[in-house]
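Enquirer: This is my_file-v5.txt (compact mmCIF, C-alpha atoms).
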```txt
# COMPACT_ATOMS: atom_id res chain seq x y z
CA MET V 1 37.87 10.04 -50.21
CA LEU V 2 40.36 12.78 -50.89
CA ASP V 3 40.03 16.07 -49.10
CA LEU V 4 41.40 19.50 -49.97
CA TYR V 5 44.33 19.08 -47.58
CA SER V 6 45.63 15.82 -49.10
CA LEU V 7 44.93 16.85 -52.68
CA VAL V 8 46.17 20.46 -52.68
CA VAL V 9 47.48 21.85 -49.38
CA TYR V 10 49.91 19.11 -48.31
CA PRO V 11 51.33 18.61 -51.82
CA LEU V 12 52.04 22.36 -52.01
CA ILE V 13 53.66 22.36 -48.57
CA TYR V 14 55.69 19.31 -49.53
CA ILE V 15 57.05 20.62 -52.85
CA PHE V 16 57.55 24.25 -51.83
CA PRO V 17 61.21 23.82 -50.74
CA ALA V 18 61.99 22.63 -54.29
CA TYR V 19 60.06 25.57 -55.75
CA ALA V 20 61.97 27.96 -53.46
CA ALA V 21 65.29 26.41 -54.47
CA ASN V 22 64.40 26.57 -58.15
CA GLY V 23 63.31 30.21 -58.05
CA ALA V 24 65.96 31.63 -55.73
CA PRO V 25 68.75 31.99 -58.32
CA ILE V 26 66.54 34.26 -60.44
CA LEU V 27 66.19 36.62 -57.47
CA PHE V 28 69.55 36.21 -55.74
CA GLY V 29 71.95 34.66 -58.25
CA GLY V 30 74.32 36.13 -60.77
CA ARG V 31 77.20 36.90 -58.44
CA GLY V 32 80.26 34.94 -57.46
CA GLY V 33 81.15 33.90 -60.96
CA PRO V 34 80.28 30.74 -62.84
CA LEU V 35 79.92 27.60 -60.75
CA ASP V 36 82.11 25.64 -63.16
CA ARG V 37 84.78 28.38 -63.07
CA GLY V 38 85.12 28.06 -66.84
CA ARG V 39 86.12 24.40 -66.72
CA LYS V 40 85.25 22.11 -69.57
CA PHE V 41 84.24 18.51 -70.12
CA ARG V 42 84.86 17.11 -73.62
CA ASN V 43 85.86 20.63 -74.76
CA ARG V 44 82.50 22.04 -73.68
CA ARG V 45 81.66 24.11 -70.63
CA ILE V 46 80.31 22.05 -67.74
CA PHE V 47 77.42 24.37 -66.81
CA GLY V 48 78.09 27.70 -68.52
CA ASP V 49 78.05 31.26 -67.25
CA ASN V 50 74.40 31.25 -66.15
CA LYS V 51 74.94 28.80 -63.28
CA THR V 52 76.69 30.87 -60.65
CA ILE V 53 78.14 30.12 -57.25
CA PHE V 54 75.81 32.57 -55.52
CA GLY V 55 72.79 31.29 -57.46
CA THR V 56 73.51 27.73 -56.40
CA LEU V 57 74.08 28.71 -52.77
CA SER V 58 70.92 30.84 -52.72
CA ALA V 59 68.93 27.88 -54.06
CA LEU V 60 70.18 25.60 -51.30
CA ILE V 61 69.73 28.23 -48.59
CA CYS V 62 66.15 29.09 -49.62
CA GLY V 63 65.14 25.43 -49.79
CA VAL V 64 66.61 24.69 -46.36
CA LEU V 65 65.16 27.88 -44.84
CA THR V 66 61.73 26.70 -45.95
CA GLY V 67 62.29 23.50 -43.97
CA ILE V 68 63.45 25.50 -40.95
CA ILE V 69 60.25 27.54 -41.11
CA TYR V 70 58.20 24.35 -41.39
CA ILE V 71 59.65 22.79 -38.25
CA GLN V 72 58.23 25.68 -36.23
CA PHE V 73 54.85 23.98 -36.72
CA PRO V 74 54.50 20.69 -34.79
CA GLN V 75 52.50 19.00 -37.58
CA LEU V 76 55.35 19.73 -40.02
CA SER V 77 58.28 18.95 -37.72
CA PHE V 78 59.30 16.02 -39.96
CA MET V 79 59.88 18.30 -42.98
CA LEU V 80 63.43 19.59 -42.42
CA PRO V 81 65.29 16.57 -43.83
CA ILE V 82 62.74 16.37 -46.65
CA ALA V 83 63.22 20.07 -47.43
CA ILE V 84 66.99 19.59 -47.52
CA MET V 85 66.69 16.68 -49.94
CA LEU V 86 64.12 18.50 -52.08
CA ALA V 87 66.48 21.50 -52.35
CA LEU V 88 69.49 19.32 -53.16
CA GLY V 89 67.49 17.41 -55.76
CA ALA V 90 66.15 20.61 -57.33
CA VAL V 91 69.65 22.05 -57.65
CA PHE V 92 71.01 18.76 -59.00
CA GLY V 93 68.22 18.52 -61.60
CA ASP V 94 68.77 22.10 -62.74
CA LEU V 95 72.53 21.62 -63.00
CA LEU V 96 72.10 18.32 -64.83
CA GLY V 97 69.87 20.06 -67.37
CA SER V 98 72.53 22.72 -67.93
CA PHE V 99 75.23 20.10 -68.22
CA ILE V 100 73.25 18.18 -70.85
CA LYS V 101 72.52 21.38 -72.77
CA ARG V 102 76.23 22.29 -72.83
CA GLN V 103 77.19 18.78 -73.96
CA LEU V 104 74.58 18.92 -76.74
CA GLN V 105 76.04 22.31 -77.66
CA LEU V 106 72.77 24.14 -77.07
CA ARG V 107 73.24 27.83 -76.46
CA PRO V 108 72.75 29.19 -72.92
CA GLY V 109 69.13 30.23 -72.53
CA SER V 110 67.94 27.93 -75.30
CA GLY V 111 64.88 25.85 -74.59
CA PHE V 112 65.19 22.21 -73.60
CA PRO V 113 61.66 20.78 -73.36
CA ILE V 114 60.76 18.62 -70.37
CA MET V 115 64.14 19.12 -68.66
CA ASP V 116 63.57 22.89 -68.40
CA GLN V 117 60.11 22.44 -66.91
CA TYR V 118 60.51 19.29 -64.87
CA GLY V 119 64.22 18.54 -64.31
CA PHE V 120 64.37 20.23 -60.90
CA PHE V 121 61.00 18.71 -59.94
CA ILE V 122 61.80 15.11 -60.90
CA PHE V 123 65.14 15.12 -59.13
CA ALA V 124 63.74 16.89 -56.06
CA LEU V 125 61.14 14.13 -55.68
CA ALA V 126 63.74 11.44 -56.40
CA PHE V 127 66.11 12.79 -53.74
CA ALA V 128 63.34 13.07 -51.10
CA PHE V 129 61.46 9.88 -52.01
CA TRP V 130 63.35 7.61 -49.63
CA LEU V 131 62.41 9.80 -46.64
CA GLY V 132 58.73 9.00 -47.12
CA ASN V 133 55.79 11.27 -46.37
CA LEU V 134 55.09 11.78 -50.07
CA PRO V 135 51.80 13.33 -51.07
CA SER V 136 49.09 10.99 -52.33
CA VAL V 137 49.13 9.89 -55.98
CA TYR V 138 46.48 12.53 -56.70
CA GLY V 139 48.51 15.12 -54.82
CA LEU V 140 51.58 14.23 -56.88
CA LEU V 141 49.50 14.52 -60.04
CA PHE V 142 48.27 17.93 -58.88
CA ILE V 143 51.78 19.32 -58.26
CA THR V 144 53.06 17.80 -61.51
CA VAL V 145 50.44 19.69 -63.51
CA LEU V 146 50.89 22.79 -61.37
CA THR V 147 54.65 22.74 -61.93
CA GLY V 148 54.18 22.83 -65.70
CA VAL V 149 51.69 25.69 -65.47
CA LEU V 150 53.77 27.66 -62.96
CA HIS V 151 56.85 27.22 -65.13
CA VAL V 152 55.17 29.08 -67.98
CA PHE V 153 53.80 31.94 -65.88
CA THR V 154 56.77 32.47 -63.57
CA ASN V 155 59.25 32.47 -66.43
CA ARG V 156 57.19 34.90 -68.48
CA GLY V 157 56.83 37.12 -65.43
CA ALA V 158 60.56 37.01 -64.71
CA HIS V 159 61.23 37.88 -68.35
CA LYS V 160 58.85 40.87 -68.24
CA LEU V 161 60.54 42.04 -65.03
CA LYS V 162 63.91 41.72 -66.82
CA LEU V 163 65.08 39.06 -64.36
CA LYS V 164 65.52 36.59 -67.22
CA SER V 165 66.71 37.16 -70.76
CA VAL V 166 64.31 34.55 -72.24
CA PRO V 167 60.67 33.80 -71.35
CA TRP V 168 61.18 30.03 -70.81
```
Spell out the structure here as structure tokens.
Expert:
Amino acid sequence: MLDLYSLVVYPLIYIFPAYAANGAPILFGGRGGPLDRGRKFRNRRIFGDNKTIFGTLSALICGVLTGIIYIQFPQLSFMLPIAIMLALGAVFGDLLGSFIKRQLQLRPGSGFPIMDQYGFFIFALAFAFWLGNLPSVYGLLFITVLTGVLHVFTNRGAHKLKLKSVPW
């Protein structure tokens, strides 16, 4: 029988470093210039102007800091390497989405269904998978649905606060 902890609480604790990494560039990014430094692949920008050095670093730092906070609690002492991998995976997934958009010649800020909502999430889980301690199947289902819902609300909120130029 599933309890509230295994269905909701632990899955949220588990995925939070990826959420922190994914959201950090909206709050702390924008400085340091473009991550790709204007370089191109096949005559197209690699990531574009919206993926910045500071945004990428802030994503990694926030994800790792979450893991450092977690290890202060004995029951979560195993989470630091998982948090690191979740943050790396989230950043990789986000950058991969931008790379694909640039190669498909989609404009910066244009929507890219599934990859926009779940790219960071899928790669975060893929990077951390081999370390074990995954939430239950029902917990994974919960955070999968939650990620889609949060994507809509957080992006609309960031747009209203003028932190993002588009609401997706």
Enquirer: Could you check the closest approach to Arg45 in chain V for each of V:Ser165, V:Leu140, V:Phe123, V:Gln105 and tell me which residue wins, using only C-alpha atoms?
Expert: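 With only C-alpha atoms as the atom set, the closest residue is V:Gln105.
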Enquirer: For Ile82 in chain V, list every protein, DNA or RNA residue within 7 Å, evaluated using only C-alpha atoms, and leave out those in the same chain fewer than 3 positions away; present the list as a PyMOL selection string.
Expert: chain V and resi 79+85-86+128+131
Enquirer: Measuring between all atoms listed in the file, which one of V:Phe41, V:Asn50, V:Pro17, V:Gly109 shows the shortest distance to Ile68 in chain V?
Expert: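 Closest to Ile68 in chain V, using all atoms listed in the file: V:Pro17.
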Enquirer: In terms of the shortest atom-to-atom distance over all atoms listed in the file, which of V:Ser110, V:Thr144, V:Thr56, V:Asn133 is closest to Gly89 in chain V?
Expert: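 Counting all atoms listed in the file, the residue closest to Gly89 in chain V is V:Thr56.
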Enquirer: Which residues come within 12 Å of Arg37 in chain V, counting only C-alpha atoms, excluding same-chain residues fewer than 2 positions away, as a list of chain:residue names?
Expert: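 Returned residues: V:Gly32, V:Gly33, V:Pro34, V:Leu35, V:Arg39, V:Lys40, V:Arg45, V:Ile46, V:Phe47, V:Gly48, V:Asp49, V:Asn50, V:Lys51, V:Thr52, V:Ile53.
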Enquirer: Quick one: residues within 8 Å of Asp94 in chain V, only C-alpha atoms counted, chain neighbours fewer than 4 positions away excluded, as a PyMOL selection string?
Expert: chain V and resi 22+90+98+116+119-120
Enquirer: Check the smallest atom-to-atom distance from each of V:Ile84, V:Val166, V:Ala124, V:Leu106 to Tyr70 in chain V using only C-alpha atoms, then report the winner.
Expert: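 Of all the options, V:Ile84 lies closest to Tyr70 in chain V.
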Enquirer: One decimal, Å: what's the distance from CA of Tyr5 in chain V over to CA of Leu76 in chain V, could you say?
Expert: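 Separation of CA of Tyr5 in chain V and CA of Leu76 in chain V: 13.4 Å.
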Enquirer: Counting all atoms listed in the file, which residue out of V:Gly38, V:Gly29, V:Gly63, V:Gly55 sits closest to Phe16 in chain V?
Expert: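 Under the stated criterion, the closest residue is V:Gly63.
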